[in-house]
Every structure is written in structure tokens, then in C-alpha cells.
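This is work09.pdb. It holds PDB, C-alpha atoms.
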```
ATOM      1  CA  MET N   1       8.508 -14.255  -6.124
ATOM      2  CA  ASP N   2       7.242 -17.321  -7.938
ATOM      3  CA  GLU N   3       9.844 -19.611  -6.393
ATOM      4  CA  CYS N   4       8.676 -18.689  -2.883
ATOM      5  CA  LYS N   5       4.965 -19.246  -3.433
ATOM      6  CA  SER N   6       4.659 -22.309  -1.212
ATOM      7  CA  PHE N   7       6.510 -20.583   1.663
ATOM      8  CA  LYS N   8       4.342 -17.513   1.194
ATOM      9  CA  LYS N   9       1.145 -19.549   1.248
ATOM     10  CA  GLU N  10       2.063 -21.345   4.478
ATOM     11  CA  TYR N  11       3.158 -18.142   6.159
ATOM     12  CA  ASP N  12       0.135 -16.098   5.004
ATOM     13  CA  LYS N  13      -2.205 -18.730   6.410
ATOM     14  CA  CYS N  14      -0.507 -18.552   9.805
ATOM     15  CA  PHE N  15      -0.247 -14.751   9.763
ATOM     16  CA  ASN N  16      -3.914 -14.390   8.891
ATOM     17  CA  THR N  17      -4.987 -16.242  12.023
ATOM     18  CA  TRP N  18      -2.353 -14.619  14.227
ATOM     19  CA  PHE N  19      -3.152 -11.077  13.073
ATOM     20  CA  ARG N  20      -6.906 -11.386  13.526
ATOM     21  CA  ASP N  21      -7.110 -13.574  16.612
ATOM     22  CA  LYS N  22      -3.984 -12.564  18.552
ATOM     23  CA  PHE N  23      -2.387  -9.301  17.473
ATOM     24  CA  LEU N  24      -5.564  -7.242  17.003
ATOM     25  CA  LYS N  25      -6.771  -8.601  20.340
ATOM     26  CA  GLY N  26      -3.753  -7.312  22.229
ATOM     27  CA  SER N  27      -1.142 -10.093  22.045
ATOM     28  CA  ASN N  28       2.416  -9.014  21.223
ATOM     29  CA  ASP N  29       3.856 -12.493  20.961
ATOM     30  CA  ASP N  30       4.719 -13.048  17.316
ATOM     31  CA  SER N  31       6.490 -16.384  17.782
ATOM     32  CA  MET N  32       3.513 -18.319  16.381
ATOM     33  CA  CYS N  33       4.531 -17.736  12.731
ATOM     34  CA  SER N  34       8.176 -16.738  13.173
ATOM     35  CA  GLU N  35       9.667 -19.955  11.775
ATOM     36  CA  LEU N  36       7.441 -19.812   8.691
ATOM     37  CA  LEU N  37       8.331 -16.144   8.236
ATOM     38  CA  LYS N  38      12.035 -16.937   8.435
ATOM     39  CA  HIS N  39      11.760 -19.597   5.725
ATOM     40  CA  TYR N  40       9.665 -17.337   3.543
ATOM     41  CA  THR N  41      11.792 -14.172   3.787
ATOM     42  CA  GLY N  42      14.927 -16.308   3.405
ATOM     43  CA  CYS N  43      13.536 -17.564   0.110
ATOM     44  CA  VAL N  44      12.636 -14.025  -1.018
ATOM     45  CA  LYS N  45      16.103 -12.701  -0.165
ATOM     46  CA  LYS N  46      17.735 -15.456  -2.183
ATOM     47  CA  ALA N  47      15.374 -14.873  -5.120
ATOM     48  CA  MET N  48      16.155 -11.153  -5.050
ATOM     49  CA  LYS N  49      19.866 -11.862  -5.064
ATOM     50  CA  ASP N  50      19.471 -14.249  -8.011
ATOM     51  CA  LYS N  51      17.494 -11.603  -9.888
ATOM     52  CA  ASP N  52      19.903  -8.801  -9.025
ATOM     53  CA  ILE N  53      17.258  -6.855  -7.181
ATOM     54  CA  ASP N  54      19.189  -4.629  -4.872
ATOM     55  CA  ILE N  55      17.245  -2.540  -2.439
ATOM     56  CA  ARG N  56      19.878  -0.450  -0.778
ATOM     57  CA  GLU N  57      17.500   1.658   1.223
ATOM     58  CA  LEU N  58      15.029  -0.918   2.401
ATOM     59  CA  ARG N  59      13.614   1.012   5.297
ATOM     60  CA  ARG N  60      13.424   4.710   4.764
ATOM     61  CA  TYR N  61      10.579   5.471   7.118
ATOM     62  CA  HIS N  62      11.064   3.155  10.028
ATOM     63  CA  THR N  63      14.781   2.657  10.187
ATOM     64  CA  GLU N  64      14.717   1.461  13.774
ATOM     65  CA  ILE N  65      13.566  -2.018  12.812
ATOM     66  CA  GLY N  66      15.607  -4.911  11.546
ATOM     67  CA  SER N  67      18.623  -4.498  13.790
ATOM     68  CA  LYS N  68      18.266  -8.040  15.123
ATOM     69  CA  ASP N  69      19.192  -9.861  11.931
ATOM     70  CA  GLU N  70      21.584  -7.384  10.383
TER      71      GLU N  70
ATOM     72  CA  MET X   1      10.660  20.431  -6.947
ATOM     73  CA  VAL X   2       8.130  18.264  -5.222
ATOM     74  CA  LYS X   3       4.466  18.103  -6.027
ATOM     75  CA  PHE X   4       2.177  17.448  -3.150
ATOM     76  CA  PHE X   5      -1.362  16.165  -3.233
ATOM     77  CA  GLU X   6      -3.730  14.764  -0.668
ATOM     78  CA  ASN X   7      -7.181  13.241  -0.523
ATOM     79  CA  LYS X   8      -9.408  11.176   1.716
ATOM     80  CA  SER X   9     -11.356   8.021   1.082
ATOM     81  CA  PHE X  10     -13.855   6.226   3.228
ATOM     82  CA  PHE X  11     -14.443   2.527   3.756
ATOM     83  CA  PRO X  12     -17.817   1.379   5.108
ATOM     84  CA  PHE X  13     -16.096  -1.143   7.386
ATOM     85  CA  LYS X  14     -14.650  -1.138  10.890
ATOM     86  CA  TRP X  15     -10.985  -0.298  11.327
ATOM     87  CA  ASP X  16     -10.117  -3.870  12.397
ATOM     88  CA  GLN X  17     -11.768  -5.201   9.256
ATOM     89  CA  VAL X  18      -9.990  -2.729   6.993
ATOM     90  CA  VAL X  19      -6.576  -3.438   8.510
ATOM     91  CA  HIS X  20      -7.100  -7.176   8.340
ATOM     92  CA  GLY X  21      -8.438  -6.879   4.802
ATOM     93  CA  PHE X  22      -5.412  -4.810   3.794
ATOM     94  CA  TRP X  23      -3.229  -7.935   3.817
ATOM     95  CA  HIS X  24      -5.676  -9.565   1.393
ATOM     96  CA  ARG X  25      -5.977  -6.669  -1.026
ATOM     97  CA  TYR X  26      -4.458  -8.565  -3.942
ATOM     98  CA  PRO X  27      -5.593  -9.954  -6.242
ATOM     99  CA  ASN X  28      -8.705  -7.935  -7.016
ATOM    100  CA  PRO X  29     -10.356  -6.917 -10.305
ATOM    101  CA  GLU X  30      -8.507  -3.583 -10.257
ATOM    102  CA  SER X  31      -5.075  -5.027  -9.511
ATOM    103  CA  LYS X  32      -4.094  -6.774 -12.739
ATOM    104  CA  HIS X  33      -0.958  -4.621 -12.810
ATOM    105  CA  VAL X  34       0.304  -6.192  -9.558
ATOM    106  CA  LEU X  35       2.637  -9.020 -10.534
ATOM    107  CA  SER X  36       4.140 -10.028  -7.211
ATOM    108  CA  GLU X  37       3.752  -9.276  -3.520
ATOM    109  CA  ASP X  38       6.281 -10.395  -0.923
ATOM    110  CA  ILE X  39       7.257  -9.732   2.658
ATOM    111  CA  LEU X  40      10.835  -8.638   3.234
ATOM    112  CA  HIS X  41      10.646  -8.001   6.928
ATOM    113  CA  ARG X  42       8.109  -8.100   9.712
ATOM    114  CA  GLU X  43       8.324  -7.728  13.470
ATOM    115  CA  VAL X  44       6.424  -6.477  16.500
ATOM    116  CA  ILE X  45       8.096  -3.544  18.241
ATOM    117  CA  ASP X  46       6.477  -1.800  21.200
ATOM    118  CA  SER X  47       3.150  -3.530  20.500
ATOM    119  CA  LYS X  48       3.142  -2.275  16.898
ATOM    120  CA  LEU X  49       3.442  -4.438  13.824
ATOM    121  CA  HIS X  50       6.122  -3.200  11.423
ATOM    122  CA  SER X  51       6.172  -4.686   7.926
ATOM    123  CA  VAL X  52       8.238  -4.109   4.806
ATOM    124  CA  ARG X  53       6.843  -5.559   1.584
ATOM    125  CA  LEU X  54       8.080  -5.624  -1.982
ATOM    126  CA  PHE X  55       5.784  -5.396  -4.997
ATOM    127  CA  THR X  56       6.414  -5.746  -8.684
ATOM    128  CA  LYS X  57       3.934  -3.873 -10.838
ATOM    129  CA  THR X  58       3.626  -3.339 -14.565
ATOM    130  CA  ASN X  59       4.388   0.154 -15.630
ATOM    131  CA  LYS X  60       2.719   1.247 -18.830
ATOM    132  CA  LEU X  61       4.428   4.330 -20.151
ATOM    133  CA  PRO X  62       3.485   6.914 -22.729
ATOM    134  CA  LYS X  63       5.775   7.021 -25.783
ATOM    135  CA  TRP X  64       7.839   9.893 -24.443
ATOM    136  CA  GLY X  65       8.528   7.978 -21.240
ATOM    137  CA  GLU X  66      10.204   5.078 -22.988
ATOM    138  CA  ARG X  67      13.438   6.953 -23.409
ATOM    139  CA  PHE X  68      13.784   7.324 -19.651
ATOM    140  CA  MET X  69      12.796   3.834 -18.593
ATOM    141  CA  ASN X  70      13.471   0.645 -20.484
ATOM    142  CA  SER X  71      11.845  -1.743 -18.055
ATOM    143  CA  ASN X  72       8.228  -2.850 -18.223
ATOM    144  CA  ASP X  73       7.875  -3.355 -14.530
ATOM    145  CA  VAL X  74       8.608  -1.324 -11.479
ATOM    146  CA  LYS X  75       9.566  -2.338  -7.949
ATOM    147  CA  ILE X  76       7.658  -0.815  -5.078
ATOM    148  CA  VAL X  77       8.559  -0.956  -1.383
ATOM    149  CA  GLU X  78       5.827  -0.556   1.194
ATOM    150  CA  GLU X  79       6.623   0.078   4.843
ATOM    151  CA  SER X  80       3.761  -0.052   7.300
ATOM    152  CA  ILE X  81       2.991   0.195  10.991
ATOM    153  CA  VAL X  82      -0.170  -1.139  12.653
ATOM    154  CA  ASP X  83      -0.904   0.312  16.077
ATOM    155  CA  PRO X  84      -3.830  -1.714  17.475
ATOM    156  CA  LYS X  85      -4.110   0.390  20.631
ATOM    157  CA  LYS X  86      -4.437   3.769  18.946
ATOM    158  CA  LYS X  87      -6.152   2.107  15.985
ATOM    159  CA  THR X  88      -3.944   3.688  13.388
ATOM    160  CA  PHE X  89      -2.363   2.030  10.388
ATOM    161  CA  VAL X  90       0.231   3.979   8.430
ATOM    162  CA  THR X  91       1.697   2.891   5.091
ATOM    163  CA  TYR X  92       4.543   4.461   3.134
ATOM    164  CA  THR X  93       4.950   3.319  -0.448
ATOM    165  CA  ARG X  94       7.691   4.327  -2.863
ATOM    166  CA  ASN X  95       9.263   3.201  -6.107
ATOM    167  CA  ILE X  96      12.713   1.641  -6.216
ATOM    168  CA  GLY X  97      14.913   2.408  -9.193
ATOM    169  CA  TYR X  98      14.395   5.191 -11.738
ATOM    170  CA  THR X  99      14.005   7.559  -8.825
ATOM    171  CA  SER X 100      15.849  10.339 -10.668
ATOM    172  CA  VAL X 101      13.223  10.124 -13.417
ATOM    173  CA  MET X 102      10.322  10.000 -11.011
ATOM    174  CA  ASP X 103      10.352   9.436  -7.276
ATOM    175  CA  VAL X 104       6.872   8.865  -5.872
ATOM    176  CA  THR X 105       6.151   8.432  -2.176
ATOM    177  CA  GLU X 106       2.647   7.855  -0.913
ATOM    178  CA  LYS X 107       1.651   7.937   2.738
ATOM    179  CA  VAL X 108      -1.730   6.619   3.837
ATOM    180  CA  ILE X 109      -3.119   6.773   7.365
ATOM    181  CA  TYR X 110      -6.073   4.488   8.036
ATOM    182  CA  LYS X 111      -8.008   5.411  11.152
ATOM    183  CA  VAL X 112     -11.437   5.198  12.721
ATOM    184  CA  ASN X 113     -13.806   7.717  11.148
ATOM    185  CA  ASP X 114     -14.812  10.046  14.009
ATOM    186  CA  GLU X 115     -18.126  10.817  12.327
ATOM    187  CA  ASN X 116     -19.064   7.140  12.140
ATOM    188  CA  PRO X 117     -16.887   4.788  14.228
ATOM    189  CA  ASN X 118     -18.153   1.753  12.286
ATOM    190  CA  THR X 119     -16.315   3.089   9.266
ATOM    191  CA  THR X 120     -12.721   3.882   8.402
ATOM    192  CA  VAL X 121     -11.103   6.875   6.786
ATOM    193  CA  ALA X 122      -7.891   6.758   4.744
ATOM    194  CA  GLU X 123      -5.920   9.990   4.509
ATOM    195  CA  ARG X 124      -3.621   9.878   1.536
ATOM    196  CA  SER X 125      -0.677  12.158   0.738
ATOM    197  CA  VAL X 126       1.726  11.950  -2.160
ATOM    198  CA  TRP X 127       5.062  13.535  -3.003
ATOM    199  CA  ILE X 128       6.363  13.360  -6.550
ATOM    200  CA  GLU X 129       9.811  14.455  -7.543
ATOM    201  CA  SER X 130      11.618  14.405 -10.869
ATOM    202  CA  ASN X 131      15.153  15.456 -11.698
ATOM    203  CA  VAL X 132      15.081  15.116 -15.459
ATOM    204  CA  TYR X 133      16.497  18.361 -16.793
ATOM    205  CA  GLY X 134      13.886  20.381 -18.669
ATOM    206  CA  MET X 135      11.228  17.700 -18.221
ATOM    207  CA  SER X 136      10.667  17.577 -14.480
ATOM    208  CA  ARG X 137       7.471  19.654 -14.526
ATOM    209  CA  ALA X 138       5.897  17.588 -17.285
ATOM    210  CA  ILE X 139       6.904  14.325 -15.615
ATOM    211  CA  GLN X 140       5.564  15.450 -12.247
ATOM    212  CA  ALA X 141       2.262  16.471 -13.823
ATOM    213  CA  PHE X 142       2.060  13.099 -15.539
ATOM    214  CA  GLY X 143       2.896  11.314 -12.279
ATOM    215  CA  LEU X 144       0.265  13.233 -10.375
ATOM    216  CA  GLN X 145      -2.423  12.521 -12.956
ATOM    217  CA  ARG X 146      -1.542   8.833 -12.898
ATOM    218  CA  PHE X 147      -1.525   8.800  -9.116
ATOM    219  CA  LYS X 148      -5.051  10.224  -8.962
ATOM    220  CA  VAL X 149      -6.427   7.631 -11.350
ATOM    221  CA  ASN X 150      -4.542   4.790  -9.652
ATOM    222  CA  SER X 151      -5.543   5.750  -6.127
ATOM    223  CA  ALA X 152      -9.236   5.823  -7.125
ATOM    224  CA  LYS X 153      -8.776   2.357  -8.627
ATOM    225  CA  ALA X 154      -6.955   1.145  -5.511
ATOM    226  CA  VAL X 155      -9.836   2.280  -3.288
ATOM    227  CA  LYS X 156     -12.330   0.579  -5.576
ATOM    228  CA  GLY X 157     -10.320  -2.651  -5.564
ATOM    229  CA  PHE X 158      -9.871  -2.563  -1.802
ATOM    230  CA  ASN X 159     -13.616  -2.042  -1.271
ATOM    231  CA  TYR X 160     -14.268  -4.996  -3.554
ATOM    232  CA  VAL X 161     -12.030  -7.183  -1.355
ATOM    233  CA  LEU X 162     -13.636  -5.910   1.863
ATOM    234  CA  ASN X 163     -17.101  -6.617   0.452
ATOM    235  CA  THR X 164     -15.999 -10.118  -0.467
ATOM    236  CA  MET X 165     -14.547 -10.759   2.992
ATOM    237  CA  TYR X 166     -17.241  -9.216   5.155
ATOM    238  CA  GLY X 167     -20.253  -8.739   2.914
ATOM    239  CA  THR X 168     -21.793  -5.363   2.293
ATOM    240  CA  ASN X 169     -22.032  -3.306   5.433
ATOM    241  CA  THR X 170     -25.684  -2.475   4.788
ATOM    242  CA  THR X 171     -26.161  -0.135   7.714
ATOM    243  CA  SER X 172     -23.846   2.424   6.280
ATOM    244  CA  SER X 173     -22.486   1.403   2.911
ATOM    245  CA  SER X 174     -24.746   3.202   0.463
ATOM    246  CA  SER X 175     -24.711   6.489   2.323
ATOM    247  CA  MET X 176     -20.981   6.153   2.906
ATOM    248  CA  LEU X 177     -20.290   5.471  -0.733
ATOM    249  CA  ILE X 178     -22.271   8.521  -1.773
ATOM    250  CA  GLN X 179     -20.428  10.543   0.834
ATOM    251  CA  GLN X 180     -17.142   9.078  -0.338
ATOM    252  CA  LYS X 181     -17.897   9.921  -3.963
ATOM    253  CA  GLN X 182     -18.897  13.457  -3.112
ATOM    254  CA  LYS X 183     -15.882  14.087  -0.926
ATOM    255  CA  LEU X 184     -13.532  12.722  -3.537
ATOM    256  CA  LYS X 185     -15.213  14.849  -6.202
ATOM    257  CA  ASP X 186     -14.834  17.901  -3.998
ATOM    258  CA  THR X 187     -11.204  17.157  -3.334
ATOM    259  CA  LEU X 188     -10.507  16.592  -6.998
ATOM    260  CA  LYS X 189     -12.415  19.729  -7.965
ATOM    261  CA  GLN X 190     -10.244  21.726  -5.613
ATOM    262  CA  SER X 191      -7.200  20.319  -7.303
ATOM    263  CA  ASN X 192      -8.452  21.218 -10.802
ATOM    264  CA  TYR X 193      -8.874  17.599 -11.726
ATOM    265  CA  LYS X 194     -10.957  17.126 -14.859
ATOM    266  CA  ALA X 195     -14.341  15.761 -13.823
ATOM    267  CA  GLY X 196     -14.747  13.959 -17.141
ATOM    268  CA  SER X 197     -12.019  11.502 -16.291
ATOM    269  CA  LEU X 198     -13.217  10.847 -12.761
ATOM    270  CA  TYR X 199     -13.513   7.149 -12.222
ATOM    271  CA  VAL X 200     -15.199   6.330  -8.942
ATOM    272  CA  HIS X 201     -17.989   3.842  -8.380
TER     273      HIS X 201
END
```

What is this file in C-alpha cells?
Amino acid sequence: MDECKSFKKEYDKCFNTWFRDKFLKGSNDDSMCSELLKHYTGCVKKAMKDKDIDIRELRRYHTEIGSKDE
Amino acid sequence: MVKFFENKSFFPFKWDQVVHGFWHRYPNPESKHVLSEDILHREVIDSKLHSVRLFTKTNKLPKWGERFMNSNDVKIVEESIVDPKKKTFVTYTRNIGYTSVMDVTEKVIYKVNDENPNTTVAERSVWIESNVYGMSRAIQAFGLQRFKVNSAKAVKGFNYVLNTMYGTNTTSSSSMLIQQKQKLKDTLKQSNYKAGSLYVH
């Protein structure tokens, strides 16, 4: 979403480092980028609502995730 | 009725590199149809990274398709799981909306190539379903043909990105690419795909 580009950029930068240097090396702690992710996905959710993009079945294949914030 | 198709592609890069590169796949010279790419959800569960992403892609249709779909772009949801211990990466991709016209789900498993652990193999499967009365066979055949062309382009684009990120993996790339081409040709031959329209470099 165009309106979330700056959030996406910040988050992607953090994720890039975390994924390569932490996650792939065995760390499970994903708190490093969690705030940036929250801002970014919050922006995307709002943009989707504004654009009437309704994804009723968001997770078809791994339904077990996402229970924390729903 | 569901059409099913599968093929394999090979990347002359280590699994870690391919999985890391996956998040940087766009843009690439083969991805001009990808308009947006966003994360909807991401979390680590049981040491695995689960992600849900949303894509908007342009959707060029043949004339006959315009009566079923009036939108020029299509929304795609991608769910994925990275398991760094087992070194597997699974993606599920499907279209959102117009699913009664054509419902396409692609599953790709990226794993270490047993024959050459410095390289990665992607096993791709696709299911295509259409419920348009009297047209479902034609639409499925169209969807399958498009899928084959698009997946070859996706592999080409992804390899371009990997080469940009890591440089050419000279120890194995040329032989792997030849192997990749041949295997893809064989797979396509088995599926009666017309060799004249094969587009793999």
C-alpha cells in the first residue's frame, strides 16, 4: 500500500537484519522488530479498510496463527 | 474439477541464501506485474516463522475473460512457513476474489537439494478450479497455461535477484542452470506443454 511505504521501509530494514543474523542462526526472539511490524501492519489494515479490501479467509493454510491479536 | 500440475526448479544458491533472498524478490525485471507487496501478519511459533503477505498484481485477460472479471488487478495472499532447523520453506499462494471464476492455489517447498547441498530445489504444485458453467474446462486450461509461463518467469526473476544479492555461484551455476533447463523441459514435455513457447533462460 502506497500510504504505508515509510512504515514498510523501516520494518523491512529491521526484518532483513533480524532474519539473516538472528532467526536463521537459531534465535526465536522476534521482539527486535515487533514495534515496527505493529505500526506497519496497522497501517496496512487501515488502508485495506479504506479501500474495501476484505479478506475473509486470511489464513487458509496455517489457521493456528494470529490468535493473539484477534 | 481441479487441475493439478507440478514441477521442480533449481537455484544455484544455498538454502539460507534462497530463503533470505525470497523476501527481496520484488522488484525484478520479470515482476512488472507486481504492483504492491505488504505484510499482513508475521510471528514466530515453535521456532518457525509464519508470514501472511498480500500482493496486488495486474491481470491481463484475453477478450473472453473480460465478461467474468471487470477488474484490472488481482489480490493474492501468500502464507509461508520458514523452518530453519529442518531447512524447509513452504509457501501457499492463492487469489482472493473471483474464486468462482478461477481459484488458483500454488504450493512451493524450498529445500536443500540432496544431490548438491550448496543448491536449493523448489517443488511446485498447483491446483486450479473453475465453477463457470460450461466454461470451467476452458478456463482451467487457460489458467494452467498461464501458470506454466508465469512460474518460469518467476524462477527467472528470482534467480536474477539472487545473482544480484550474492553474485553468480560459479562453482555450480552453469551446470545447475543446464540441469534446471533440462529438468524443466522434461517436466513440461511430460505434461504436453508446447516446446515452442518454452521460455527459460

Return as a short mmCIF file (atom, residue, chain, number, x, y, z; two decimals) with C-alpha atoms, in the frame of the given file the set of residues that the ChimeraX specification (/X :<6) & /N yields on the displayed structure.
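Okay, this is what ended up in selection.cif:
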```cif
data_model
loop_
_atom_site.label_atom_id
_atom_site.label_comp_id
_atom_site.auth_asym_id
_atom_site.auth_seq_id
_atom_site.Cartn_x
_atom_site.Cartn_y
_atom_site.Cartn_z
CA LEU N 24 -5.56 -7.24 17.00
CA ASN N 28 2.42 -9.01 21.22
CA THR N 41 11.79 -14.17 3.79
#
```

Legend entry - Residues near Asp73 of chain X, cut-off 10 Å, only C-alpha atoms, skip fewer than 4 positions along chain, as a PyMOL selection string: chain X and resi 33-35+55-60+69

Box for segment 33-37 of chain N: with edges along x, y and z, all listed atoms inside and 3 Å added on each side, what are the centre and edge lengths in Å to one decimal, as JSON?
```
{"center_x": 7.1, "center_y": -18.0, "center_z": 10.7, "size_x": 11.1, "size_y": 9.8, "size_z": 10.9}
```

Legend entry - Distance query segment 2-16 of chain N at most 6 Å, only C-alpha atoms, self and fewer than 5 positions along chain excluded, as JSON, numbers by chain: {"N": [33, 36, 37, 40, 43]}

Legend entry - Minimum-distance residue to Glu123 of chain X, chosen among X:Phe89, X:Tyr98, X:Phe13, X:Phe68 (using only C-alpha atoms): X:Phe89

Inset, instruction - Return the single residue from N:Lys38, N:Gly26, N:Arg20, N:Met1 that is closest to Lys51 of chain N, with distances computed using all atoms listed in the file. - result: N:Met1
